[in-house]
file input-v3.txt (compact mmCIF, C-alpha atoms and all ligand atoms)
# COMPACT_ATOMS: atom_id res chain seq x y z
CA MET N 1 -5.97 1.01 -33.73
CA PRO N 2 -8.63 1.83 -31.15
CA ASN N 3 -10.10 5.26 -31.40
CA PHE N 4 -11.88 6.06 -28.18
CA PHE N 5 -13.80 9.28 -28.04
CA VAL N 6 -15.56 10.91 -25.11
CA ASP N 7 -17.04 14.35 -25.70
CA GLN N 8 -15.54 17.12 -23.59
CA ASP N 9 -19.05 18.40 -22.88
CA ILE N 10 -20.43 16.04 -20.23
CA SER N 11 -24.00 16.94 -21.14
CA LYS N 12 -23.43 15.62 -24.67
CA ALA N 13 -20.95 12.84 -23.91
CA LYS N 14 -21.48 9.10 -24.16
CA THR N 15 -19.50 6.74 -21.92
CA LEU N 16 -16.42 4.88 -23.15
CA ALA N 17 -16.95 2.19 -25.80
CA THR N 18 -17.26 -1.22 -24.15
CA SER N 19 -14.41 -2.73 -26.16
CA PHE N 20 -12.05 -0.85 -23.85
CA TYR N 21 -13.10 -3.21 -21.04
CA THR N 22 -13.61 -6.39 -22.98
CA ASP N 23 -10.99 -6.59 -25.74
CA PRO N 24 -7.65 -8.06 -24.53
CA ALA N 25 -5.86 -6.09 -27.28
CA ASN N 26 -6.92 -2.84 -25.64
CA LEU N 27 -5.47 -3.94 -22.32
CA GLU N 28 -2.14 -4.59 -24.07
CA ILE N 29 -2.22 -1.11 -25.55
CA ALA N 30 -3.19 0.39 -22.18
CA ARG N 31 -0.20 -1.32 -20.59
CA GLU N 32 2.20 0.84 -22.59
CA LYS N 33 0.16 3.94 -23.31
CA ILE N 34 -1.39 4.32 -19.86
CA PHE N 35 0.38 2.27 -17.19
CA ALA N 36 4.00 2.51 -18.38
CA ALA N 37 3.60 6.20 -19.20
CA CYS N 38 2.20 7.26 -15.81
CA TRP N 39 3.37 7.12 -12.19
CA GLN N 40 3.05 4.00 -10.11
CA PHE N 41 3.22 3.32 -6.38
CA ALA N 42 6.57 1.68 -5.58
CA GLY N 43 6.62 1.47 -1.78
CA ASP N 44 7.54 3.61 1.22
CA THR N 45 10.68 4.95 2.88
CA ASP N 46 10.34 2.54 5.82
CA GLN N 47 11.28 -0.25 3.40
CA VAL N 48 14.69 1.41 2.93
CA LYS N 49 15.07 3.04 6.30
CA GLU N 50 18.87 2.99 6.59
CA PRO N 51 21.80 3.14 4.17
CA GLY N 52 22.39 -0.35 2.79
CA TRP N 53 18.75 -1.43 2.84
CA VAL N 54 17.52 -2.92 -0.42
CA THR N 55 13.95 -4.05 -1.24
CA PRO N 56 12.79 -5.76 -4.43
CA VAL N 57 9.55 -4.49 -5.98
CA ASN N 58 7.55 -6.20 -8.71
CA LEU N 59 5.99 -3.15 -10.31
CA LEU N 60 2.34 -3.67 -11.20
CA GLU N 61 2.36 -7.41 -10.56
CA HIS N 62 0.07 -9.41 -12.92
CA HIS N 63 0.24 -6.72 -15.60
CA ILE N 64 3.64 -5.10 -16.18
CA ASN N 65 5.70 -7.24 -13.76
CA GLU N 66 8.75 -5.00 -13.96
CA PRO N 67 11.44 -6.22 -11.54
CA LEU N 68 12.81 -3.20 -9.63
CA ILE N 69 14.66 -2.50 -6.41
CA LEU N 70 14.47 0.36 -3.96
CA THR N 71 17.81 1.09 -2.29
CA ARG N 72 19.15 3.54 0.28
CA ASP N 73 22.74 4.30 -0.72
CA LYS N 74 25.69 5.33 1.45
CA SER N 75 24.86 9.04 1.13
CA GLY N 76 21.34 8.32 2.37
CA ASN N 77 19.67 8.85 -1.02
CA ILE N 78 16.85 6.57 -2.12
CA ASN N 79 17.15 5.03 -5.59
CA CYS N 80 14.77 3.10 -7.78
CA LEU N 81 16.76 0.72 -9.99
CA ALA N 82 16.19 -2.13 -12.42
CA ASN N 83 16.61 -5.41 -10.53
CA VAL N 84 18.30 -6.89 -13.58
CA CYS N 85 22.02 -7.65 -13.88
CA THR N 86 23.55 -5.95 -16.90
CA HIS N 87 25.61 -9.08 -17.70
CA ARG N 88 23.12 -11.78 -18.65
CA GLY N 89 19.94 -10.56 -17.01
CA ASN N 90 19.78 -12.37 -13.68
CA LEU N 91 17.65 -10.79 -10.93
CA VAL N 92 20.17 -9.28 -8.53
CA VAL N 93 18.10 -9.02 -5.34
CA GLU N 94 15.57 -11.65 -4.27
CA LYS N 95 14.45 -10.45 -0.87
CA PRO N 96 14.73 -7.37 1.36
CA CYS N 97 18.23 -7.22 2.89
CA LYS N 98 21.03 -4.96 4.09
CA LEU N 99 24.12 -4.82 1.85
CA ASN N 100 27.42 -3.02 1.34
CA ASP N 101 27.09 -3.42 -2.39
CA ILE N 102 24.88 -5.42 -4.72
CA ARG N 103 26.46 -8.62 -5.98
CA CYS N 104 24.89 -10.76 -8.69
CA LYS N 105 24.83 -14.41 -7.64
CA TYR N 106 25.23 -15.72 -11.19
CA HIS N 107 28.78 -14.59 -12.16
CA GLY N 108 29.69 -12.13 -9.43
CA ARG N 109 29.16 -8.71 -11.04
CA ARG N 110 29.01 -6.02 -8.38
CA PHE N 111 27.19 -2.69 -8.27
CA GLN N 112 27.09 0.22 -5.85
CA LEU N 113 23.84 0.84 -4.02
CA ASP N 114 23.11 3.69 -6.42
CA GLY N 115 23.37 1.22 -9.33
CA LYS N 116 26.84 2.13 -10.56
CA PHE N 117 28.95 -0.76 -11.90
CA LEU N 118 31.77 -1.74 -9.49
CA SER N 119 33.54 -4.87 -10.70
CA MET N 120 33.28 -8.06 -12.73
CA PRO N 121 35.49 -11.18 -12.71
CA GLU N 122 37.09 -12.44 -15.98
CA PHE N 123 36.32 -9.30 -17.98
CA LYS N 124 39.85 -7.86 -18.40
CA GLU N 125 39.95 -8.59 -22.13
CA VAL N 126 36.57 -7.05 -22.89
CA LYS N 127 36.90 -3.86 -24.93
CA ASP N 128 35.20 -0.57 -23.99
CA PHE N 129 34.25 -2.00 -20.65
CA PRO N 130 32.77 -0.90 -18.34
CA SER N 131 30.53 1.69 -19.89
CA PRO N 132 27.45 3.46 -18.46
CA ASP N 133 25.41 0.62 -20.04
CA ASP N 134 26.88 -1.68 -17.40
CA ASP N 135 25.27 0.27 -14.54
CA LEU N 136 21.89 -0.91 -13.28
CA GLY N 137 19.06 0.94 -15.01
CA LYS N 138 17.88 3.94 -13.01
CA LEU N 139 14.26 5.08 -12.87
CA PRO N 140 12.81 8.43 -11.86
CA LEU N 141 11.63 8.56 -8.27
CA HIS N 142 8.99 10.79 -6.78
CA ARG N 143 8.72 11.02 -3.01
CA TRP N 144 5.76 12.45 -1.16
CA GLY N 145 5.83 12.10 2.62
CA LYS N 146 7.02 8.52 3.06
CA TRP N 147 5.48 7.28 -0.19
CA LEU N 148 7.57 6.48 -3.25
CA PHE N 149 6.47 6.48 -6.88
CA THR N 150 8.22 5.70 -10.12
CA SER N 151 7.50 5.93 -13.81
CA LEU N 152 8.78 3.43 -16.37
CA THR N 153 9.04 5.97 -19.17
CA GLY N 154 9.43 9.19 -17.18
CA LYS N 155 7.30 10.78 -19.87
CA HIS N 156 5.27 13.03 -17.58
CA PRO N 157 6.59 15.16 -14.70
CA ALA N 158 5.40 13.84 -11.32
CA GLU N 159 4.21 17.33 -10.44
CA ASP N 160 1.46 17.12 -13.05
CA PHE N 161 -0.01 14.12 -11.25
CA PHE N 162 0.50 14.90 -7.58
CA LYS N 163 0.64 18.66 -7.15
CA GLU N 164 -2.95 19.40 -6.10
CA MET N 165 -3.19 16.50 -3.68
CA GLU N 166 0.12 17.38 -2.08
CA ALA N 167 -0.88 21.02 -1.64
CA ARG N 168 -4.20 20.07 -0.08
CA VAL N 169 -3.21 17.67 2.70
CA SER N 170 0.53 18.00 3.28
CA TRP N 171 -0.19 19.63 6.66
CA MET N 172 -0.66 16.09 8.03
CA PRO N 173 2.32 14.67 9.97
CA PHE N 174 3.18 11.90 7.51
CA ASP N 175 6.16 10.72 9.55
CA GLN N 176 3.60 9.59 12.15
CA PHE N 177 1.70 7.47 9.61
CA ASN N 178 2.66 3.83 10.17
CA PHE N 179 2.06 1.02 7.72
CA ARG N 180 -0.16 -1.65 9.27
CA PRO N 181 0.07 -5.05 7.55
CA ASP N 182 -2.67 -6.35 9.87
CA LEU N 183 -5.09 -3.79 8.41
CA SER N 184 -3.92 -4.19 4.80
CA ARG N 185 -4.97 -6.76 2.24
CA ASP N 186 -5.51 -7.58 -1.42
CA TYR N 187 -8.92 -8.12 -2.99
CA THR N 188 -9.37 -9.98 -6.25
CA VAL N 189 -12.25 -8.46 -8.19
CA LYS N 190 -13.74 -10.15 -11.24
CA ALA N 191 -14.01 -6.94 -13.24
CA ASN N 192 -11.88 -4.80 -15.52
CA TRP N 193 -9.59 -2.44 -13.62
CA ALA N 194 -11.23 0.63 -15.17
CA LEU N 195 -14.71 -0.43 -13.98
CA TYR N 196 -13.36 -0.56 -10.46
CA CYS N 197 -11.81 2.92 -10.81
CA GLU N 198 -14.82 4.58 -12.40
CA ASN N 199 -17.05 3.28 -9.62
CA PHE N 200 -14.71 4.91 -7.10
CA LEU N 201 -14.88 8.16 -9.05
CA GLU N 202 -18.54 8.89 -8.41
CA GLY N 203 -20.40 9.27 -5.15
CA PHE N 204 -23.67 8.91 -7.09
CA HIS N 205 -24.00 5.28 -6.01
CA ILE N 206 -23.44 5.92 -2.29
CA PRO N 207 -27.14 6.21 -1.31
CA PHE N 208 -27.98 3.13 -3.41
CA VAL N 209 -25.07 0.82 -2.62
CA HIS N 210 -23.62 1.90 0.73
CA ALA N 211 -26.35 2.34 3.35
CA GLY N 212 -23.83 2.46 6.20
CA LEU N 213 -21.58 5.06 4.59
CA ASN N 214 -24.61 7.06 3.47
CA SER N 215 -25.67 7.49 7.10
CA VAL N 216 -22.36 9.25 7.81
CA ILE N 217 -21.74 11.27 4.61
CA ASP N 218 -23.65 14.44 3.76
CA TYR N 219 -24.60 13.39 0.23
CA GLY N 220 -26.19 16.76 -0.64
CA ASN N 221 -22.88 18.54 -0.10
CA TYR N 222 -20.60 15.91 -1.62
CA THR N 223 -18.23 17.65 -4.05
CA VAL N 224 -15.91 16.61 -6.88
CA GLU N 225 -12.87 18.64 -7.93
CA LEU N 226 -11.06 17.77 -11.13
CA PHE N 227 -7.29 18.07 -11.58
CA PRO N 228 -5.36 17.54 -14.82
CA TYR N 229 -4.55 13.90 -13.92
CA GLY N 230 -6.61 13.25 -10.86
CA SER N 231 -9.54 14.31 -8.76
CA LEU N 232 -10.76 14.86 -5.24
CA GLN N 233 -14.10 13.89 -3.79
CA LEU N 234 -14.67 15.60 -0.50
CA GLY N 235 -16.83 13.64 1.93
CA LEU N 236 -18.43 16.00 4.42
CA SER N 237 -19.95 14.61 7.59
CA LYS N 238 -23.50 14.88 8.86
CA GLU N 239 -22.12 14.60 12.39
CA ASP N 240 -19.66 16.60 14.45
CA HIS N 241 -17.57 13.54 15.29
CA GLY N 242 -15.41 11.35 13.06
CA ILE N 243 -14.12 14.47 11.29
CA PHE N 244 -10.71 16.06 10.75
CA ASP N 245 -9.40 18.59 13.21
CA LEU N 246 -8.25 20.92 10.43
CA PRO N 247 -5.53 23.53 10.96
CA LEU N 248 -6.12 27.16 9.94
CA SER N 249 -3.74 26.63 7.03
CA SER N 250 -6.05 24.02 5.46
CA ALA N 251 -8.10 25.12 2.45
CA ASP N 252 -10.99 23.21 4.06
CA TYR N 253 -10.80 24.85 7.48
CA GLY N 254 -14.30 25.24 8.88
CA LYS N 255 -15.75 22.30 6.94
CA LYS N 256 -16.75 19.03 8.59
CA VAL N 257 -14.47 16.83 6.51
CA ALA N 258 -14.98 13.09 7.08
CA SER N 259 -12.80 11.91 4.18
CA TYR N 260 -10.62 13.06 1.32
CA TYR N 261 -10.97 10.68 -1.61
CA PHE N 262 -8.09 11.50 -3.95
CA TRP N 263 -7.52 9.64 -7.16
CA VAL N 264 -4.38 9.82 -9.32
CA PHE N 265 -4.58 8.62 -12.91
CA PRO N 266 -4.71 5.84 -13.81
CA ASN N 267 -4.99 3.47 -10.84
CA MET N 268 -4.16 4.98 -7.44
CA MET N 269 -6.49 6.15 -4.70
CA PHE N 270 -5.45 8.02 -1.57
CA ASN N 271 -8.24 8.00 0.98
CA PHE N 272 -7.48 10.15 4.00
CA TYR N 273 -9.57 9.68 7.13
CA PRO N 274 -9.05 11.15 10.61
CA TRP N 275 -7.34 7.84 11.55
CA GLY N 276 -4.86 7.95 8.63
CA LEU N 277 -4.59 6.87 5.01
CA SER N 278 -5.86 3.98 2.94
CA ILE N 279 -3.95 3.73 -0.35
CA ASN N 280 -5.65 1.61 -3.00
CA VAL N 281 -3.65 0.40 -5.98
CA ILE N 282 -5.63 -1.27 -8.77
CA ARG N 283 -3.67 -3.80 -10.83
CA PRO N 284 -5.14 -5.37 -13.98
CA LYS N 285 -5.03 -9.16 -14.18
CA GLY N 286 -6.43 -9.77 -17.63
CA PRO N 287 -9.33 -7.82 -19.15
CA SER N 288 -11.97 -9.05 -16.72
CA GLU N 289 -10.10 -9.26 -13.43
CA CYS N 290 -8.10 -6.94 -11.21
CA VAL N 291 -6.33 -7.10 -7.88
CA VAL N 292 -6.90 -4.21 -5.50
CA SER N 293 -4.35 -3.62 -2.75
CA PHE N 294 -5.59 -1.80 0.34
CA LEU N 295 -2.59 -0.40 2.20
CA SER N 296 -3.40 1.12 5.59
CA TYR N 297 -1.22 3.75 7.24
CA VAL N 298 -2.47 4.60 10.72
CA TRP N 299 -1.91 8.02 12.22
CA ASP N 300 -4.42 8.05 15.12
CA GLU N 301 -5.33 4.56 16.33
CA ASN N 302 -8.16 5.89 18.54
CA LYS N 303 -10.12 7.09 15.50
CA LEU N 304 -9.93 3.80 13.59
CA ARG N 305 -13.51 2.77 14.15
CA GLN N 306 -15.14 6.15 13.57
CA GLY N 307 -16.74 7.99 10.68
CA ALA N 308 -16.46 7.40 6.94
CA GLY N 309 -13.33 5.24 7.23
CA ALA N 310 -14.69 2.88 9.88
CA GLU N 311 -15.92 0.01 7.72
CA LEU N 312 -13.69 -0.13 4.68
CA HIS N 313 -14.03 -3.91 4.26
CA LYS N 314 -17.84 -3.77 4.21
CA VAL N 315 -17.85 -0.85 1.74
CA GLU N 316 -15.34 -2.70 -0.45
CA LEU N 317 -17.55 -5.80 -0.66
CA GLU N 318 -20.53 -3.63 -1.59
CA ASP N 319 -18.47 -1.99 -4.36
CA GLU N 320 -17.12 -5.33 -5.61
CA ASP N 321 -20.58 -6.75 -5.86
CA VAL N 322 -21.90 -4.01 -8.09
CA VAL N 323 -18.73 -3.67 -10.18
CA GLN N 324 -18.68 -7.43 -10.88
CA ASN N 325 -22.27 -7.22 -12.07
CA VAL N 326 -21.33 -4.36 -14.40
CA GLN N 327 -18.56 -6.52 -15.85
CA LYS N 328 -21.22 -9.06 -16.82
CA GLY N 329 -23.51 -6.33 -18.13
CA ILE N 330 -21.10 -4.53 -20.43
CA ARG N 331 -20.44 -7.76 -22.31
CA SER N 332 -24.05 -7.82 -23.36
CA ARG N 333 -24.86 -7.28 -27.03
CA PHE N 334 -27.62 -4.94 -25.86
CA TYR N 335 -25.30 -2.46 -24.14
CA LYS N 336 -23.15 -0.12 -26.23
CA HIS N 337 -22.59 2.87 -23.96
CA GLY N 338 -24.40 5.09 -21.47
CA ARG N 339 -24.63 8.81 -20.63
CA TYR N 340 -23.42 10.79 -17.60
CA SER N 341 -25.17 12.69 -14.84
CA VAL N 342 -23.88 16.25 -15.22
CA THR N 343 -24.05 16.88 -11.47
CA ARG N 344 -22.85 13.53 -10.13
CA GLU N 345 -20.51 11.87 -12.61
CA GLN N 346 -17.88 14.49 -13.46
CA GLY N 347 -15.13 12.29 -11.99
CA THR N 348 -16.05 9.29 -14.12
CA HIS N 349 -16.40 11.45 -17.23
CA HIS N 350 -12.94 12.96 -16.56
CA PHE N 351 -11.46 9.45 -16.18
CA HIS N 352 -12.97 8.29 -19.46
CA ARG N 353 -11.66 11.41 -21.19
CA LEU N 354 -8.15 10.68 -19.92
CA ILE N 355 -8.35 7.07 -21.08
CA ALA N 356 -9.43 8.21 -24.54
CA GLU N 357 -6.59 10.74 -24.63
CA PHE N 358 -3.88 8.29 -23.54
CA MET N 359 -5.08 5.46 -25.80
CA ARG N 360 -4.85 7.70 -28.87
S1 LIG A 401 24.12 -12.39 -14.92
FE1 LIG A 401 24.89 -11.23 -13.33
S2 LIG A 401 26.99 -11.65 -13.31
FE2 LIG A 401 26.23 -12.79 -14.93
FE FE A 402 -18.56 2.71 -3.52
call {"tool": "encode", "arguments": {"input": "input-v3.txt", "output": "structure tokens", "more": "lines below"}}
Ligand code: FES
Ligand SMILES: [Fe+2]
result
Amino acid sequence: MPNFFVDQDISKAKTLATSFYTDPANLEIAREKIFAACWQFAGDTDQVKEPGWVTPVNLLEHHINEPLILTRDKSGNINCLANVCTHRGNLVVEKPCKLNDIRCKYHGRRFQLDGKFLSMPEFKEVKDFPSPDDDLGKLPLHRWGKWLFTSLTGKHPAEDFFKEMEARVSWMPFDQFNFRPDLSRDYTVKANWALYCENFLEGFHIPFVHAGLNSVIDYGNYTVELFPYGSLQLGLSKEDHGIFDLPLSSADYGKKVASYYFWVFPNMMFNFYPWGLSINVIRPKGPSECVVSFLSYVWDENKLRQGAGAELHKVELEDEDVVQNVQKGIRSRFYKHGRYSVTREQGTHHFHRLIAEFMR
């Protein structure tokens, strides 16, 4: 059993033991103890805009691969269900579609759009049938704005993970945020998922790795706020343009905010810029590879090429480069662990502490 320990006192702490990143057994353990236990991005409400719309989702592809569906039922409610027929396990929905009810193609079992069993041919003689076990499995669903999240175990209340972020930026008109496939893409990074996340969690490297971004961000006033299961890095601007027009109700009113970099444990980033939102979902693909989805939701098209969120692709390649080198470095017999900057690496330290706690 792995026993990861990271001291609560950042000034005394050593970074996470390298076996977390390199040992495939630890990734298996993390799959259950971290990924299945926490909240995961499932999609958005535009994918199930009207009653009858059904969309399959492969939750955490490459790692958990849980087949799910999002549905909008007749009463207009959104459901997150197992995409698995309760008869012999066939996948019930293969592509997004509009339906009256869900019918399994294998032997014709039918379900309501909220997952409830409806009918089944040739089952008259079966005793104690149907029972609630014959309904499609139902998962918890958390909705924030148009974004949908689910948890495979439902072990932790969604509130614990999202509360602070929601309170901070919910003044934005999320119904005007539109998903833009043309500005969204996946990156395959040859590094452990946690190395990618911990790089995101410190702005310490900005002056060294991101010259372009560094010319926009006021590094001296860059702040990190820690939440129980997340954090916020606030990017303030050196300039008066490319910043949010904040309402009086915002906790940040009066600041020149260029970007909100929220992170939700373990693998989701919500980067708000004056043009909109870039969601990043990090999916492990083996111990030394991950796939990073950049999902862009545009609110104000005119601001797309301004400020801290102007060159996301360039910044991403700069991050990938350094993170991939770290992946090679931590395998070295000469590296056991490092220490943290007390002023600049609180976010990374917090992440490592959470990993140690969940892996226990
Ligand atoms: S597996 Fe679905 S009806 Fe048989
Ligand atoms: Fe970076």
call {"tool": "closest_atom_pairs", "arguments": {"input": "input-v3.txt", "of": "chain N", "to": "ligand LIG 401 (chain A)", "cutoff": "10 Å", "atoms": "all atoms listed in the file", "output": "JSON lines"}}
result
{"residue": "N:Val84", "atom": "CA", "partner": "A:LIG401", "partner_atom": "FE1", "distance": 7.9}
{"residue": "N:Cys85", "atom": "CA", "partner": "A:LIG401", "partner_atom": "FE1", "distance": 4.6}
{"residue": "N:Thr86", "atom": "CA", "partner": "A:LIG401", "partner_atom": "FE1", "distance": 6.5}
{"residue": "N:His87", "atom": "CA", "partner": "A:LIG401", "partner_atom": "S1", "distance": 4.6}
{"residue": "N:Arg88", "atom": "CA", "partner": "A:LIG401", "partner_atom": "S1", "distance": 3.9}
{"residue": "N:Gly89", "atom": "CA", "partner": "A:LIG401", "partner_atom": "S1", "distance": 5.0}
{"residue": "N:Asn90", "atom": "CA", "partner": "A:LIG401", "partner_atom": "S1", "distance": 4.5}
{"residue": "N:Leu91", "atom": "CA", "partner": "A:LIG401", "partner_atom": "FE1", "distance": 7.6}
{"residue": "N:Val92", "atom": "CA", "partner": "A:LIG401", "partner_atom": "FE1", "distance": 7.0}
{"residue": "N:Arg103", "atom": "CA", "partner": "A:LIG401", "partner_atom": "S2", "distance": 7.9}
{"residue": "N:Cys104", "atom": "CA", "partner": "A:LIG401", "partner_atom": "FE1", "distance": 4.7}
{"residue": "N:Lys105", "atom": "CA", "partner": "A:LIG401", "partner_atom": "FE1", "distance": 6.5}
{"residue": "N:Tyr106", "atom": "CA", "partner": "A:LIG401", "partner_atom": "FE2", "distance": 4.9}
{"residue": "N:His107", "atom": "CA", "partner": "A:LIG401", "partner_atom": "S2", "distance": 3.6}
{"residue": "N:Gly108", "atom": "CA", "partner": "A:LIG401", "partner_atom": "S2", "distance": 4.8}
{"residue": "N:Arg109", "atom": "CA", "partner": "A:LIG401", "partner_atom": "S2", "distance": 4.3}
{"residue": "N:Arg110", "atom": "CA", "partner": "A:LIG401", "partner_atom": "S2", "distance": 7.8}
{"residue": "N:Ser119", "atom": "CA", "partner": "A:LIG401", "partner_atom": "S2", "distance": 9.8}
{"residue": "N:Met120", "atom": "CA", "partner": "A:LIG401", "partner_atom": "S2", "distance": 7.3}
{"residue": "N:Pro121", "atom": "CA", "partner": "A:LIG401", "partner_atom": "S2", "distance": 8.5}
call {"tool": "residues_near_ligand", "arguments": {"input": "input-v3.txt", "ligand": "ligand FE 402 (chain A)", "cutoff": "6 Å", "atoms": "all atoms listed in the file", "output": "PyMOL selection string"}}
result
chain N and resi 200+206+319
call {"tool": "atom_distance", "arguments": {"input": "input-v3.txt", "atom1": "CA of Gly212 (chain N)", "atom2": "CA of Val323 (chain N)"}}
result
18.2 Å
call {"tool": "atom_distance", "arguments": {"input": "input-v3.txt", "atom1": "CA of Met268 (chain N)", "atom2": "CA of Val281 (chain N)"}}
result
4.8 Å
call {"tool": "atom_distance", "arguments": {"input": "input-v3.txt", "atom1": "CA of Asp44 (chain N)", "atom2": "CA of Ile282 (chain N)"}}
result
17.2 Å
call {"tool": "residues_around", "arguments": {"input": "input-v3.txt", "residues": "Val322 (chain N)", "least_positions_apart": "3", "cutoff": "10 Å", "atoms": "all atoms listed in the file", "output": "ChimeraX atom specification"}}
result
/N:191,195-196,199,205,209,317-319,325-327
call {"tool": "closest_residue", "arguments": {"input": "input-v3.txt", "among": "N:Ser215, N:Ser231, N:Asn280, N:Thr343", "to": "Ala308 (chain N)", "atoms": "only C-alpha atoms"}}
result
N:Ser215
call {"tool": "closest_residue", "arguments": {"input": "input-v3.txt", "among": "N:Glu32, N:Asp321, N:Asp46, N:Glu357", "to": "Ile78 (chain N)", "atoms": "all atoms listed in the file"}}
result
N:Asp46
call {"tool": "closest_residue", "arguments": {"input": "input-v3.txt", "among": "N:Arg344, N:Arg168, N:His241, N:Lys285", "to": "Tyr219 (chain N)", "atoms": "all atoms listed in the file"}}
result
N:Arg344
call {"tool": "build_atoms", "arguments": {"input": "input-v3.txt", "residues": "region 201-207 of chain N", "atoms": "all heavy atoms", "output": "mmCIF file, in the coordinates of the input"}}
result
data_model
loop_
_atom_site.group_PDB
_atom_site.id
_atom_site.type_symbol
_atom_site.label_atom_id
_atom_site.label_comp_id
_atom_site.auth_asym_id
_atom_site.auth_seq_id
_atom_site.Cartn_x
_atom_site.Cartn_y
_atom_site.Cartn_z
ATOM 1 N N LEU N 201 -14.923 6.748 -8.668
ATOM 2 C CA LEU N 201 -14.880 8.160 -9.050
ATOM 3 C C LEU N 201 -16.226 8.873 -9.004
ATOM 4 O O LEU N 201 -16.309 10.042 -9.382
ATOM 5 C CB LEU N 201 -14.239 8.290 -10.436
ATOM 6 C CG LEU N 201 -12.730 8.005 -10.407
ATOM 7 C CD1 LEU N 201 -12.160 7.838 -11.797
ATOM 8 C CD2 LEU N 201 -12.009 9.110 -9.665
ATOM 9 N N GLU N 202 -17.255 8.195 -8.611
ATOM 10 C CA GLU N 202 -18.540 8.890 -8.410
ATOM 11 C C GLU N 202 -19.144 8.506 -7.059
ATOM 12 O O GLU N 202 -19.096 7.356 -6.667
ATOM 13 C CB GLU N 202 -19.501 8.633 -9.578
ATOM 14 C CG GLU N 202 -19.609 7.194 -10.054
ATOM 15 C CD GLU N 202 -20.703 6.403 -9.395
ATOM 16 O OE1 GLU N 202 -21.341 6.894 -8.454
ATOM 17 O OE2 GLU N 202 -20.912 5.250 -9.832
ATOM 18 N N GLY N 203 -19.705 9.521 -6.397
ATOM 19 C CA GLY N 203 -20.400 9.270 -5.150
ATOM 20 C C GLY N 203 -21.891 9.042 -5.383
ATOM 21 O O GLY N 203 -22.661 8.810 -4.451
ATOM 22 N N PHE N 204 -22.278 9.088 -6.661
ATOM 23 C CA PHE N 204 -23.670 8.910 -7.090
ATOM 24 C C PHE N 204 -24.284 7.634 -6.513
ATOM 25 O O PHE N 204 -25.458 7.604 -6.136
ATOM 26 C CB PHE N 204 -23.620 8.825 -8.633
ATOM 27 C CG PHE N 204 -24.924 8.969 -9.345
ATOM 28 C CD1 PHE N 204 -26.073 9.414 -8.705
ATOM 29 C CD2 PHE N 204 -24.989 8.666 -10.708
ATOM 30 C CE1 PHE N 204 -27.264 9.548 -9.406
ATOM 31 C CE2 PHE N 204 -26.173 8.794 -11.405
ATOM 32 C CZ PHE N 204 -27.307 9.236 -10.756
ATOM 33 N N HIS N 205 -23.459 6.572 -6.434
ATOM 34 C CA HIS N 205 -24.000 5.280 -6.010
ATOM 35 C C HIS N 205 -24.079 5.128 -4.484
ATOM 36 O O HIS N 205 -24.648 4.149 -3.998
ATOM 37 C CB HIS N 205 -23.183 4.129 -6.607
ATOM 38 C CG HIS N 205 -21.792 4.006 -6.042
ATOM 39 N ND1 HIS N 205 -20.724 4.716 -6.520
ATOM 40 C CD2 HIS N 205 -21.304 3.244 -5.030
ATOM 41 C CE1 HIS N 205 -19.620 4.400 -5.840
ATOM 42 N NE2 HIS N 205 -19.938 3.515 -4.922
ATOM 43 N N ILE N 206 -23.509 6.096 -3.747
ATOM 44 C CA ILE N 206 -23.440 5.920 -2.290
ATOM 45 C C ILE N 206 -24.820 5.653 -1.654
ATOM 46 O O ILE N 206 -24.994 4.674 -0.930
ATOM 47 C CB ILE N 206 -22.702 7.105 -1.597
ATOM 48 C CG1 ILE N 206 -21.224 7.108 -2.018
ATOM 49 C CG2 ILE N 206 -22.817 7.013 -0.066
ATOM 50 C CD1 ILE N 206 -20.421 8.296 -1.490
ATOM 51 N N PRO N 207 -25.842 6.472 -1.951
ATOM 52 C CA PRO N 207 -27.140 6.210 -1.310
ATOM 53 C C PRO N 207 -27.754 4.868 -1.719
ATOM 54 O O PRO N 207 -28.539 4.292 -0.971
ATOM 55 C CB PRO N 207 -28.021 7.360 -1.819
ATOM 56 C CG PRO N 207 -27.102 8.375 -2.377
ATOM 57 C CD PRO N 207 -25.869 7.661 -2.811
#
